[in-house]
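Asker: File upload_21.cif follows (mmCIF, N, CA and C atoms):
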```
data_target
#
loop_
_atom_site.label_atom_id
_atom_site.label_comp_id
_atom_site.auth_asym_id
_atom_site.auth_seq_id
_atom_site.Cartn_x
_atom_site.Cartn_y
_atom_site.Cartn_z
N MET N 1 1.34 -2.90 6.24
CA MET N 1 1.35 -3.51 4.93
C MET N 1 -0.08 -3.49 4.39
N ALA N 2 -0.24 -3.12 3.15
CA ALA N 2 -1.55 -3.04 2.55
C ALA N 2 -2.13 -4.44 2.40
N SER N 3 -3.45 -4.52 2.33
CA SER N 3 -4.10 -5.83 2.26
C SER N 3 -3.71 -6.59 1.00
N ARG N 4 -3.51 -5.89 -0.12
CA ARG N 4 -3.11 -6.56 -1.35
C ARG N 4 -1.72 -7.16 -1.19
N SER N 5 -0.80 -6.40 -0.61
CA SER N 5 0.56 -6.89 -0.40
C SER N 5 0.55 -8.08 0.55
N ARG N 6 -0.25 -7.99 1.60
CA ARG N 6 -0.34 -9.09 2.55
C ARG N 6 -0.86 -10.35 1.86
N ALA N 7 -1.86 -10.21 1.00
CA ALA N 7 -2.41 -11.36 0.28
C ALA N 7 -1.37 -11.97 -0.64
N LEU N 8 -0.58 -11.13 -1.30
CA LEU N 8 0.47 -11.65 -2.18
C LEU N 8 1.55 -12.38 -1.39
N VAL N 9 1.91 -11.84 -0.24
CA VAL N 9 2.91 -12.51 0.60
C VAL N 9 2.41 -13.87 1.04
N TRP N 10 1.18 -13.94 1.51
CA TRP N 10 0.65 -15.22 1.98
C TRP N 10 0.44 -16.21 0.84
N THR N 11 0.16 -15.71 -0.36
CA THR N 11 0.08 -16.59 -1.52
C THR N 11 1.44 -17.20 -1.79
N GLY N 12 2.48 -16.38 -1.73
CA GLY N 12 3.84 -16.89 -1.92
C GLY N 12 4.24 -17.90 -0.86
N VAL N 13 3.89 -17.62 0.40
CA VAL N 13 4.18 -18.56 1.49
C VAL N 13 3.43 -19.86 1.26
N GLY N 14 2.18 -19.78 0.85
CA GLY N 14 1.39 -20.99 0.59
C GLY N 14 1.99 -21.82 -0.53
N LEU N 15 2.48 -21.16 -1.58
CA LEU N 15 3.12 -21.89 -2.67
C LEU N 15 4.39 -22.61 -2.19
N CYS N 16 5.16 -21.94 -1.36
CA CYS N 16 6.39 -22.56 -0.82
C CYS N 16 6.06 -23.77 0.05
N VAL N 17 5.06 -23.64 0.91
CA VAL N 17 4.68 -24.75 1.78
C VAL N 17 4.14 -25.92 0.95
N ALA N 18 3.31 -25.61 -0.03
CA ALA N 18 2.76 -26.68 -0.88
C ALA N 18 3.88 -27.39 -1.65
N GLY N 19 4.84 -26.62 -2.15
CA GLY N 19 5.97 -27.23 -2.86
C GLY N 19 6.80 -28.11 -1.95
N ALA N 20 7.07 -27.64 -0.73
CA ALA N 20 7.87 -28.42 0.22
C ALA N 20 7.16 -29.71 0.60
N VAL N 21 5.87 -29.63 0.88
CA VAL N 21 5.10 -30.83 1.24
C VAL N 21 5.10 -31.81 0.07
N GLY N 22 4.91 -31.30 -1.14
CA GLY N 22 4.90 -32.17 -2.32
C GLY N 22 6.23 -32.87 -2.52
N LEU N 23 7.33 -32.15 -2.29
CA LEU N 23 8.64 -32.78 -2.45
C LEU N 23 8.91 -33.83 -1.38
N VAL N 24 8.50 -33.56 -0.15
CA VAL N 24 8.70 -34.53 0.92
C VAL N 24 7.87 -35.79 0.66
N VAL N 25 6.63 -35.61 0.29
CA VAL N 25 5.77 -36.76 0.00
C VAL N 25 6.31 -37.55 -1.19
N GLY N 26 6.72 -36.83 -2.23
CA GLY N 26 7.28 -37.50 -3.41
C GLY N 26 8.57 -38.23 -3.08
N GLY N 27 9.40 -37.63 -2.24
CA GLY N 27 10.66 -38.28 -1.84
C GLY N 27 10.44 -39.51 -1.00
N LEU N 28 9.40 -39.51 -0.17
CA LEU N 28 9.11 -40.68 0.66
C LEU N 28 8.51 -41.82 -0.16
N LEU N 29 7.74 -41.48 -1.18
CA LEU N 29 7.08 -42.52 -1.97
C LEU N 29 8.02 -43.12 -3.01
N ASP N 30 8.61 -42.27 -3.82
CA ASP N 30 9.47 -42.77 -4.90
C ASP N 30 10.38 -41.64 -5.36
N VAL N 31 11.68 -41.73 -5.05
CA VAL N 31 12.63 -40.68 -5.37
C VAL N 31 12.75 -40.48 -6.87
N ASP N 32 12.79 -41.55 -7.63
CA ASP N 32 12.94 -41.43 -9.08
C ASP N 32 11.74 -40.74 -9.72
N ALA N 33 10.55 -40.99 -9.20
CA ALA N 33 9.35 -40.35 -9.73
C ALA N 33 9.24 -38.89 -9.27
N ALA N 34 9.86 -38.56 -8.13
CA ALA N 34 9.77 -37.20 -7.61
C ALA N 34 10.64 -36.22 -8.39
N ASP N 35 11.70 -36.70 -9.04
CA ASP N 35 12.62 -35.81 -9.75
C ASP N 35 11.94 -35.00 -10.86
N PRO N 36 11.21 -35.62 -11.78
CA PRO N 36 10.56 -34.79 -12.82
C PRO N 36 9.49 -33.86 -12.24
N TRP N 37 8.79 -34.31 -11.21
CA TRP N 37 7.77 -33.46 -10.59
C TRP N 37 8.42 -32.25 -9.90
N ALA N 38 9.58 -32.47 -9.32
CA ALA N 38 10.29 -31.36 -8.69
C ALA N 38 10.70 -30.32 -9.71
N SER N 39 11.12 -30.77 -10.90
CA SER N 39 11.49 -29.84 -11.96
C SER N 39 10.29 -29.01 -12.40
N VAL N 40 9.17 -29.67 -12.60
CA VAL N 40 7.94 -28.97 -13.02
C VAL N 40 7.47 -28.03 -11.92
N ALA N 41 7.48 -28.51 -10.67
CA ALA N 41 7.03 -27.66 -9.56
C ALA N 41 7.94 -26.45 -9.38
N GLY N 42 9.26 -26.65 -9.52
CA GLY N 42 10.19 -25.53 -9.38
C GLY N 42 10.01 -24.49 -10.47
N GLY N 43 9.85 -24.94 -11.70
CA GLY N 43 9.61 -24.01 -12.81
C GLY N 43 8.29 -23.26 -12.66
N THR N 44 7.26 -23.97 -12.27
CA THR N 44 5.94 -23.34 -12.07
C THR N 44 5.99 -22.34 -10.94
N ALA N 45 6.62 -22.69 -9.82
CA ALA N 45 6.72 -21.76 -8.68
C ALA N 45 7.52 -20.53 -9.07
N GLY N 46 8.59 -20.71 -9.86
CA GLY N 46 9.38 -19.57 -10.30
C GLY N 46 8.58 -18.62 -11.18
N LEU N 47 7.81 -19.16 -12.13
CA LEU N 47 6.99 -18.32 -13.00
C LEU N 47 5.87 -17.62 -12.22
N LEU N 48 5.24 -18.35 -11.30
CA LEU N 48 4.19 -17.72 -10.48
C LEU N 48 4.77 -16.63 -9.59
N GLY N 49 5.96 -16.88 -9.03
CA GLY N 49 6.62 -15.86 -8.22
C GLY N 49 6.95 -14.62 -9.03
N LEU N 50 7.43 -14.82 -10.25
CA LEU N 50 7.71 -13.68 -11.13
C LEU N 50 6.44 -12.91 -11.46
N ALA N 51 5.37 -13.64 -11.77
CA ALA N 51 4.09 -12.98 -12.09
C ALA N 51 3.57 -12.19 -10.89
N LEU N 52 3.64 -12.76 -9.68
CA LEU N 52 3.18 -12.05 -8.49
C LEU N 52 4.03 -10.81 -8.22
N THR N 53 5.34 -10.92 -8.44
CA THR N 53 6.22 -9.78 -8.23
C THR N 53 5.91 -8.65 -9.20
N VAL N 54 5.74 -8.98 -10.47
CA VAL N 54 5.41 -7.96 -11.48
C VAL N 54 4.07 -7.32 -11.16
N TYR N 55 3.09 -8.12 -10.78
CA TYR N 55 1.78 -7.57 -10.43
C TYR N 55 1.87 -6.64 -9.22
N ALA N 56 2.65 -7.05 -8.20
CA ALA N 56 2.78 -6.23 -7.00
C ALA N 56 3.47 -4.91 -7.31
N LEU N 57 4.43 -4.92 -8.21
CA LEU N 57 5.16 -3.70 -8.54
C LEU N 57 4.40 -2.80 -9.51
N LEU N 58 3.74 -3.37 -10.49
CA LEU N 58 3.12 -2.58 -11.54
C LEU N 58 1.60 -2.51 -11.48
N GLY N 59 0.99 -3.29 -10.61
CA GLY N 59 -0.47 -3.32 -10.52
C GLY N 59 -1.01 -2.02 -9.95
N PRO N 60 -2.31 -1.84 -9.99
CA PRO N 60 -2.91 -0.62 -9.48
C PRO N 60 -2.68 -0.47 -7.98
N ALA N 61 -2.33 0.73 -7.56
CA ALA N 61 -2.12 1.00 -6.14
C ALA N 61 -3.46 1.06 -5.44
N PRO N 62 -3.55 0.54 -4.23
CA PRO N 62 -4.81 0.63 -3.50
C PRO N 62 -5.10 2.08 -3.14
N ALA N 63 -6.35 2.43 -3.20
CA ALA N 63 -6.75 3.80 -2.87
C ALA N 63 -6.66 4.01 -1.36
N ALA N 64 -6.05 5.12 -0.99
CA ALA N 64 -5.94 5.45 0.43
C ALA N 64 -7.23 6.13 0.88
N ALA N 65 -7.65 5.85 2.09
CA ALA N 65 -8.84 6.46 2.64
C ALA N 65 -8.51 7.88 3.07
N VAL N 66 -9.24 8.85 2.55
CA VAL N 66 -9.07 10.25 2.92
C VAL N 66 -10.38 10.71 3.54
N THR N 67 -10.32 11.08 4.82
CA THR N 67 -11.54 11.42 5.56
C THR N 67 -11.36 12.71 6.33
N ALA N 68 -12.32 13.60 6.19
CA ALA N 68 -12.37 14.83 6.98
C ALA N 68 -13.72 14.83 7.69
N SER N 69 -13.73 14.52 8.99
CA SER N 69 -15.00 14.37 9.69
C SER N 69 -15.27 15.44 10.74
N GLY N 70 -14.30 16.21 11.13
CA GLY N 70 -14.51 17.25 12.13
C GLY N 70 -15.09 18.51 11.51
N THR N 71 -15.67 19.35 12.35
CA THR N 71 -16.20 20.62 11.89
C THR N 71 -15.07 21.45 11.29
N ARG N 72 -15.24 21.91 10.08
CA ARG N 72 -14.27 22.74 9.35
C ARG N 72 -12.92 22.04 9.17
N SER N 73 -12.91 20.73 9.12
CA SER N 73 -11.64 20.01 8.94
C SER N 73 -11.34 19.84 7.46
N VAL N 74 -10.06 19.68 7.15
CA VAL N 74 -9.60 19.54 5.77
C VAL N 74 -8.67 18.34 5.70
N ALA N 75 -8.89 17.46 4.73
CA ALA N 75 -8.00 16.32 4.51
C ALA N 75 -7.76 16.19 3.02
N ALA N 76 -6.52 15.88 2.65
CA ALA N 76 -6.17 15.71 1.24
C ALA N 76 -5.23 14.52 1.10
N GLY N 77 -5.44 13.74 0.06
CA GLY N 77 -4.57 12.60 -0.19
C GLY N 77 -3.19 13.02 -0.67
N GLY N 78 -3.07 14.22 -1.20
CA GLY N 78 -1.78 14.73 -1.66
C GLY N 78 -1.36 15.93 -0.83
N GLY N 79 -0.69 16.87 -1.45
CA GLY N 79 -0.24 18.06 -0.75
C GLY N 79 -1.32 19.13 -0.68
N ILE N 80 -1.18 20.04 0.29
CA ILE N 80 -2.10 21.17 0.44
C ILE N 80 -1.25 22.43 0.34
N GLY N 81 -1.57 23.30 -0.60
CA GLY N 81 -0.83 24.55 -0.73
C GLY N 81 -1.14 25.49 0.41
N SER N 82 -2.41 25.80 0.59
CA SER N 82 -2.82 26.63 1.73
C SER N 82 -4.26 26.29 2.07
N ALA N 83 -4.58 26.40 3.36
CA ALA N 83 -5.93 26.10 3.84
C ALA N 83 -6.26 27.04 4.99
N ALA N 84 -7.48 27.53 5.02
CA ALA N 84 -7.96 28.38 6.10
C ALA N 84 -9.30 27.84 6.56
N THR N 85 -9.46 27.60 7.86
CA THR N 85 -10.70 27.03 8.38
C THR N 85 -11.43 27.96 9.34
N GLY N 86 -10.87 29.10 9.69
CA GLY N 86 -11.49 30.02 10.63
C GLY N 86 -12.36 31.06 9.94
N ASP N 87 -13.17 31.76 10.73
CA ASP N 87 -14.01 32.83 10.19
C ASP N 87 -13.12 34.02 9.82
N GLY N 88 -13.15 34.41 8.56
CA GLY N 88 -12.37 35.54 8.09
C GLY N 88 -10.87 35.28 8.03
N ALA N 89 -10.45 34.08 8.30
CA ALA N 89 -9.02 33.76 8.29
C ALA N 89 -8.55 33.57 6.86
N ARG N 90 -7.30 33.92 6.61
CA ARG N 90 -6.70 33.73 5.29
C ARG N 90 -5.35 33.07 5.50
N ALA N 91 -5.15 31.99 4.84
CA ALA N 91 -3.85 31.32 4.89
C ALA N 91 -2.95 31.98 3.86
N ALA N 92 -1.79 32.40 4.30
CA ALA N 92 -0.85 33.03 3.38
C ALA N 92 -0.37 32.00 2.37
N ALA N 93 -0.22 32.45 1.14
CA ALA N 93 0.31 31.55 0.12
C ALA N 93 1.75 31.21 0.48
N PRO N 94 2.10 29.94 0.44
CA PRO N 94 3.47 29.57 0.78
C PRO N 94 4.45 30.17 -0.21
N SER N 95 5.60 30.64 0.31
CA SER N 95 6.58 31.25 -0.57
C SER N 95 7.14 30.23 -1.55
N THR N 96 7.43 29.05 -1.08
CA THR N 96 7.84 27.95 -1.95
C THR N 96 7.20 26.69 -1.44
N MET N 97 6.49 26.04 -2.30
CA MET N 97 5.84 24.78 -1.93
C MET N 97 6.79 23.65 -2.28
N PRO N 98 7.16 22.82 -1.31
CA PRO N 98 8.05 21.70 -1.63
C PRO N 98 7.39 20.78 -2.65
N ALA N 99 8.21 20.19 -3.49
CA ALA N 99 7.69 19.28 -4.50
C ALA N 99 7.03 18.09 -3.82
N SER N 100 5.84 17.75 -4.26
CA SER N 100 5.14 16.61 -3.69
C SER N 100 5.84 15.33 -4.09
N SER N 101 5.78 14.37 -3.21
CA SER N 101 6.39 13.08 -3.46
C SER N 101 5.57 12.33 -4.50
N PRO N 102 6.21 11.67 -5.48
CA PRO N 102 5.45 10.95 -6.50
C PRO N 102 4.85 9.65 -5.99
N ARG N 103 5.25 9.19 -4.80
CA ARG N 103 4.73 7.92 -4.30
C ARG N 103 3.30 8.12 -3.79
N PRO N 104 2.46 7.11 -3.95
CA PRO N 104 1.09 7.24 -3.47
C PRO N 104 1.03 7.17 -1.94
N VAL N 105 -0.04 7.69 -1.40
CA VAL N 105 -0.25 7.65 0.04
C VAL N 105 -0.47 6.20 0.43
N SER N 106 0.28 5.73 1.44
CA SER N 106 0.20 4.32 1.79
C SER N 106 -0.82 4.01 2.88
N GLY N 107 -1.25 4.99 3.60
CA GLY N 107 -2.19 4.75 4.68
C GLY N 107 -3.31 5.76 4.66
N PRO N 108 -4.19 5.68 5.64
CA PRO N 108 -5.30 6.61 5.68
C PRO N 108 -4.85 8.02 6.07
N VAL N 109 -5.55 9.00 5.53
CA VAL N 109 -5.33 10.41 5.89
C VAL N 109 -6.63 10.86 6.53
N THR N 110 -6.57 11.22 7.82
CA THR N 110 -7.78 11.54 8.56
C THR N 110 -7.61 12.85 9.31
N ALA N 111 -8.57 13.75 9.11
CA ALA N 111 -8.65 14.98 9.89
C ALA N 111 -9.97 14.89 10.65
N SER N 112 -9.91 14.59 11.95
CA SER N 112 -11.15 14.30 12.67
C SER N 112 -11.51 15.32 13.74
N GLY N 113 -10.63 16.18 14.14
CA GLY N 113 -10.96 17.17 15.16
C GLY N 113 -11.48 18.44 14.53
N GLU N 114 -12.03 19.30 15.35
CA GLU N 114 -12.53 20.57 14.86
C GLU N 114 -11.38 21.39 14.28
N ARG N 115 -11.56 21.88 13.05
CA ARG N 115 -10.58 22.69 12.32
C ARG N 115 -9.24 21.99 12.13
N SER N 116 -9.25 20.67 12.08
CA SER N 116 -8.00 19.94 11.88
C SER N 116 -7.66 19.87 10.39
N VAL N 117 -6.37 19.73 10.12
CA VAL N 117 -5.89 19.66 8.75
C VAL N 117 -4.93 18.48 8.65
N ALA N 118 -5.14 17.62 7.66
CA ALA N 118 -4.26 16.47 7.44
C ALA N 118 -4.01 16.32 5.96
N ALA N 119 -2.80 15.91 5.62
CA ALA N 119 -2.45 15.73 4.21
C ALA N 119 -1.55 14.51 4.06
N GLY N 120 -1.69 13.84 2.94
CA GLY N 120 -0.82 12.73 2.62
C GLY N 120 0.50 13.21 2.03
N GLY N 121 0.59 14.49 1.75
CA GLY N 121 1.81 15.09 1.20
C GLY N 121 2.23 16.27 2.05
N ASP N 122 2.79 17.27 1.38
CA ASP N 122 3.28 18.46 2.08
C ASP N 122 2.15 19.46 2.33
N ILE N 123 2.31 20.26 3.40
CA ILE N 123 1.37 21.33 3.71
C ILE N 123 2.15 22.64 3.66
N GLY N 124 1.69 23.57 2.84
CA GLY N 124 2.39 24.84 2.69
C GLY N 124 2.04 25.82 3.80
N SER N 125 0.76 26.22 3.92
CA SER N 125 0.35 27.23 4.89
C SER N 125 -1.06 26.90 5.38
N VAL N 126 -1.27 26.97 6.70
CA VAL N 126 -2.57 26.67 7.29
C VAL N 126 -2.91 27.71 8.33
N SER N 127 -4.17 28.14 8.33
CA SER N 127 -4.67 29.02 9.38
C SER N 127 -5.96 28.41 9.89
N THR N 128 -6.00 28.04 11.18
CA THR N 128 -7.20 27.41 11.74
C THR N 128 -7.96 28.30 12.70
N GLY N 129 -7.44 29.48 13.00
CA GLY N 129 -8.11 30.37 13.94
C GLY N 129 -8.96 31.41 13.23
N ASP N 130 -9.77 32.11 14.01
CA ASP N 130 -10.60 33.18 13.44
C ASP N 130 -9.75 34.45 13.30
N ALA N 131 -10.09 35.25 12.29
CA ALA N 131 -9.35 36.50 12.07
C ALA N 131 -9.85 37.58 12.98
#
```
For the file at hand, write its structure as structure tokens.
Answerer:
Amino acid sequence: MASRSRALVWTGVGLCVAGAVGLVVGGLLDVDAADPWASVAGGTAGLLGLALTVYALLGPAPAAAVTASGTRSVAAGGGIGSAATGDGARAAAPSTMPASSPRPVSGPVTASGERSVAAGGDIGSVSTGDA
């Protein structure tokens, strides 16, 4: 789960716990006085929950870490049509490249070994050896 999503979940949990504690305390002190506060708290929690949901769905997606640290390594956050990492090597153009997924990369994309290739999407053709 991304850190933003985790923060939103814990914010929602915190609101639920605070509301429950408030209702229990209000019920123990004075039931008649707790009724209007419960209505206000319920409406406020509902609106905050709606706002958090809309933000989580429509807010900016967190950027995925894309790292290529090995010698002649290649990393891409999306799809790779063709890649060649060897001396004189040529990656053949893929006959048909599958359509890339419109969803953003949810985790890190890392190519860390020598001549390694990693992609957050589809890979068409790769050549890592020397010609």
Asker: What is the CA of Gly86 (chain N)-atom N of Thr71 (chain N) distance in Å, reported with one decimal?
Answerer: 11.6 Å
Asker: N:Ala18, N:Val9, N:Ala119, N:Ala89: which is nearest Gly49 (chain N), counting only C-alpha atoms?
Answerer: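 Checking each candidate against Gly49 (chain N), we get N:Val9 as the closest.
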Asker: Calculate how many Å separate CA of Ala91 (chain N) from CA of Gly78 (chain N), rounding to one decimal.
Answerer: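 Computing the Euclidean distance for CA of Ala91 (chain N) and CA of Gly78 (chain N) yields 18.0 Å.
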Asker: When the PyMOL selection byres (((chain N and resi 68 and name CA) around 9) and name CA) is applied to the structure above, which residues does it catch, written out as a list in words?
Answerer: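 This file gives the following for the PyMOL selection byres (((chain N and resi 68 and name CA) around 9) and name CA): Val66, Thr67, Ser69, Gly70, Thr71, Arg72, Ser73, Val74, Ala75, Ala76, Val109, Thr110, Ala111, Ser112, Gly113, Ser116, Val117 and Ala118 of chain N.
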Asker: If you apply the PyMOL selection byres (((chain N and resi 88 and name CA) around 10) and name CA) to this file, what residues do you get, as a PyMOL selection string?
Answerer: chain N and resi 84-87+89-90+129-131
Asker: How would the residues just picked look written out with N, CA and C atoms as a PDB file, in the frame of the given file?
Answerer:
```
ATOM      1  N   ALA N  84      -7.480  27.530   5.020  1.00  0.00           N
ATOM      2  CA  ALA N  84      -7.960  28.380   6.100  1.00  0.00           C
ATOM      3  C   ALA N  84      -9.300  27.840   6.560  1.00  0.00           C
ATOM      4  N   THR N  85      -9.460  27.600   7.860  1.00  0.00           N
ATOM      5  CA  THR N  85     -10.700  27.030   8.380  1.00  0.00           C
ATOM      6  C   THR N  85     -11.430  27.960   9.340  1.00  0.00           C
ATOM      7  N   GLY N  86     -10.870  29.100   9.690  1.00  0.00           N
ATOM      8  CA  GLY N  86     -11.490  30.020  10.630  1.00  0.00           C
ATOM      9  C   GLY N  86     -12.360  31.060   9.940  1.00  0.00           C
ATOM     10  N   ASP N  87     -13.170  31.760  10.730  1.00  0.00           N
ATOM     11  CA  ASP N  87     -14.010  32.830  10.190  1.00  0.00           C
ATOM     12  C   ASP N  87     -13.120  34.020   9.820  1.00  0.00           C
ATOM     13  N   ALA N  89     -10.450  34.080   8.300  1.00  0.00           N
ATOM     14  CA  ALA N  89      -9.020  33.760   8.290  1.00  0.00           C
ATOM     15  C   ALA N  89      -8.550  33.570   6.860  1.00  0.00           C
ATOM     16  N   ARG N  90      -7.300  33.920   6.610  1.00  0.00           N
ATOM     17  CA  ARG N  90      -6.700  33.730   5.290  1.00  0.00           C
ATOM     18  C   ARG N  90      -5.350  33.070   5.500  1.00  0.00           C
ATOM     19  N   GLY N 129      -7.440  29.480  13.000  1.00  0.00           N
ATOM     20  CA  GLY N 129      -8.110  30.370  13.940  1.00  0.00           C
ATOM     21  C   GLY N 129      -8.960  31.410  13.230  1.00  0.00           C
ATOM     22  N   ASP N 130      -9.770  32.110  14.010  1.00  0.00           N
ATOM     23  CA  ASP N 130     -10.600  33.180  13.440  1.00  0.00           C
ATOM     24  C   ASP N 130      -9.750  34.450  13.300  1.00  0.00           C
ATOM     25  N   ALA N 131     -10.090  35.250  12.290  1.00  0.00           N
ATOM     26  CA  ALA N 131      -9.350  36.500  12.070  1.00  0.00           C
ATOM     27  C   ALA N 131      -9.850  37.580  12.980  1.00  0.00           C
TER      28      ALA N 131
END
```
Asker: Find, counting only C-alpha atoms, the residue in N:Ala45, N:Gly59, N:Ala51, N:Thr128 that gets nearest to Val13 (chain N).
Answerer: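 Looking only at the distances to Val13 (chain N), the closest residue turns out to be N:Ala45.
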Asker: Since the input is missing atoms, can you rebuild N, CA, C and O atoms for region 3-23 of chain N and write them as a JSON list (two decimals), in the coordinates of the input?
Answerer:
```json
[["chain", "number", "residue", "atom", "x", "y", "z"],
["N", 3, "SER", "N", -3.45, -4.52, 2.33],
["N", 3, "SER", "CA", -4.10, -5.83, 2.26],
["N", 3, "SER", "C", -3.71, -6.59, 1.00],
["N", 3, "SER", "O", -3.56, -7.81, 1.03],
["N", 4, "ARG", "N", -3.51, -5.89, -0.12],
["N", 4, "ARG", "CA", -3.11, -6.56, -1.35],
["N", 4, "ARG", "C", -1.72, -7.16, -1.19],
["N", 4, "ARG", "O", -1.47, -8.29, -1.58],
["N", 5, "SER", "N", -0.80, -6.40, -0.61],
["N", 5, "SER", "CA", 0.56, -6.89, -0.40],
["N", 5, "SER", "C", 0.55, -8.08, 0.55],
["N", 5, "SER", "O", 1.28, -9.05, 0.35],
["N", 6, "ARG", "N", -0.25, -7.99, 1.60],
["N", 6, "ARG", "CA", -0.34, -9.09, 2.55],
["N", 6, "ARG", "C", -0.86, -10.35, 1.86],
["N", 6, "ARG", "O", -0.35, -11.45, 2.09],
["N", 7, "ALA", "N", -1.86, -10.21, 1.00],
["N", 7, "ALA", "CA", -2.41, -11.36, 0.28],
["N", 7, "ALA", "C", -1.37, -11.97, -0.64],
["N", 7, "ALA", "O", -1.26, -13.20, -0.74],
["N", 8, "LEU", "N", -0.58, -11.13, -1.30],
["N", 8, "LEU", "CA", 0.47, -11.65, -2.18],
["N", 8, "LEU", "C", 1.55, -12.38, -1.39],
["N", 8, "LEU", "O", 2.04, -13.42, -1.82],
["N", 9, "VAL", "N", 1.91, -11.84, -0.24],
["N", 9, "VAL", "CA", 2.91, -12.51, 0.60],
["N", 9, "VAL", "C", 2.41, -13.87, 1.04],
["N", 9, "VAL", "O", 3.12, -14.87, 0.97],
["N", 10, "TRP", "N", 1.18, -13.94, 1.51],
["N", 10, "TRP", "CA", 0.65, -15.22, 1.98],
["N", 10, "TRP", "C", 0.44, -16.21, 0.84],
["N", 10, "TRP", "O", 0.55, -17.41, 1.02],
["N", 11, "THR", "N", 0.16, -15.71, -0.36],
["N", 11, "THR", "CA", 0.08, -16.59, -1.52],
["N", 11, "THR", "C", 1.44, -17.20, -1.79],
["N", 11, "THR", "O", 1.56, -18.41, -2.06],
["N", 12, "GLY", "N", 2.48, -16.38, -1.73],
["N", 12, "GLY", "CA", 3.84, -16.89, -1.92],
["N", 12, "GLY", "C", 4.24, -17.90, -0.86],
["N", 12, "GLY", "O", 4.84, -18.94, -1.15],
["N", 13, "VAL", "N", 3.89, -17.62, 0.40],
["N", 13, "VAL", "CA", 4.18, -18.56, 1.49],
["N", 13, "VAL", "C", 3.43, -19.86, 1.26],
["N", 13, "VAL", "O", 3.99, -20.96, 1.45],
["N", 14, "GLY", "N", 2.18, -19.78, 0.85],
["N", 14, "GLY", "CA", 1.39, -20.99, 0.59],
["N", 14, "GLY", "C", 1.99, -21.82, -0.53],
["N", 14, "GLY", "O", 2.03, -23.06, -0.45],
["N", 15, "LEU", "N", 2.48, -21.16, -1.58],
["N", 15, "LEU", "CA", 3.12, -21.89, -2.67],
["N", 15, "LEU", "C", 4.39, -22.61, -2.19],
["N", 15, "LEU", "O", 4.65, -23.76, -2.56],
["N", 16, "CYS", "N", 5.16, -21.94, -1.36],
["N", 16, "CYS", "CA", 6.39, -22.56, -0.82],
["N", 16, "CYS", "C", 6.06, -23.77, 0.05],
["N", 16, "CYS", "O", 6.71, -24.82, -0.06],
["N", 17, "VAL", "N", 5.06, -23.64, 0.91],
["N", 17, "VAL", "CA", 4.68, -24.75, 1.78],
["N", 17, "VAL", "C", 4.14, -25.92, 0.95],
["N", 17, "VAL", "O", 4.51, -27.07, 1.18],
["N", 18, "ALA", "N", 3.31, -25.61, -0.03],
["N", 18, "ALA", "CA", 2.76, -26.68, -0.88],
["N", 18, "ALA", "C", 3.88, -27.39, -1.65],
["N", 18, "ALA", "O", 3.88, -28.62, -1.77],
["N", 19, "GLY", "N", 4.84, -26.62, -2.15],
["N", 19, "GLY", "CA", 5.97, -27.23, -2.86],
["N", 19, "GLY", "C", 6.80, -28.11, -1.95],
["N", 19, "GLY", "O", 7.22, -29.21, -2.33],
["N", 20, "ALA", "N", 7.07, -27.64, -0.73],
["N", 20, "ALA", "CA", 7.87, -28.42, 0.22],
["N", 20, "ALA", "C", 7.16, -29.71, 0.60],
["N", 20, "ALA", "O", 7.77, -30.78, 0.64],
["N", 21, "VAL", "N", 5.87, -29.63, 0.88],
["N", 21, "VAL", "CA", 5.10, -30.83, 1.24],
["N", 21, "VAL", "C", 5.10, -31.81, 0.07],
["N", 21, "VAL", "O", 5.28, -33.02, 0.25],
["N", 22, "GLY", "N", 4.91, -31.30, -1.14],
["N", 22, "GLY", "CA", 4.90, -32.17, -2.32],
["N", 22, "GLY", "C", 6.23, -32.87, -2.52],
["N", 22, "GLY", "O", 6.27, -34.06, -2.86],
["N", 23, "LEU", "N", 7.33, -32.15, -2.29],
["N", 23, "LEU", "CA", 8.64, -32.78, -2.45],
["N", 23, "LEU", "C", 8.91, -33.83, -1.38],
["N", 23, "LEU", "O", 9.49, -34.89, -1.66]]
```
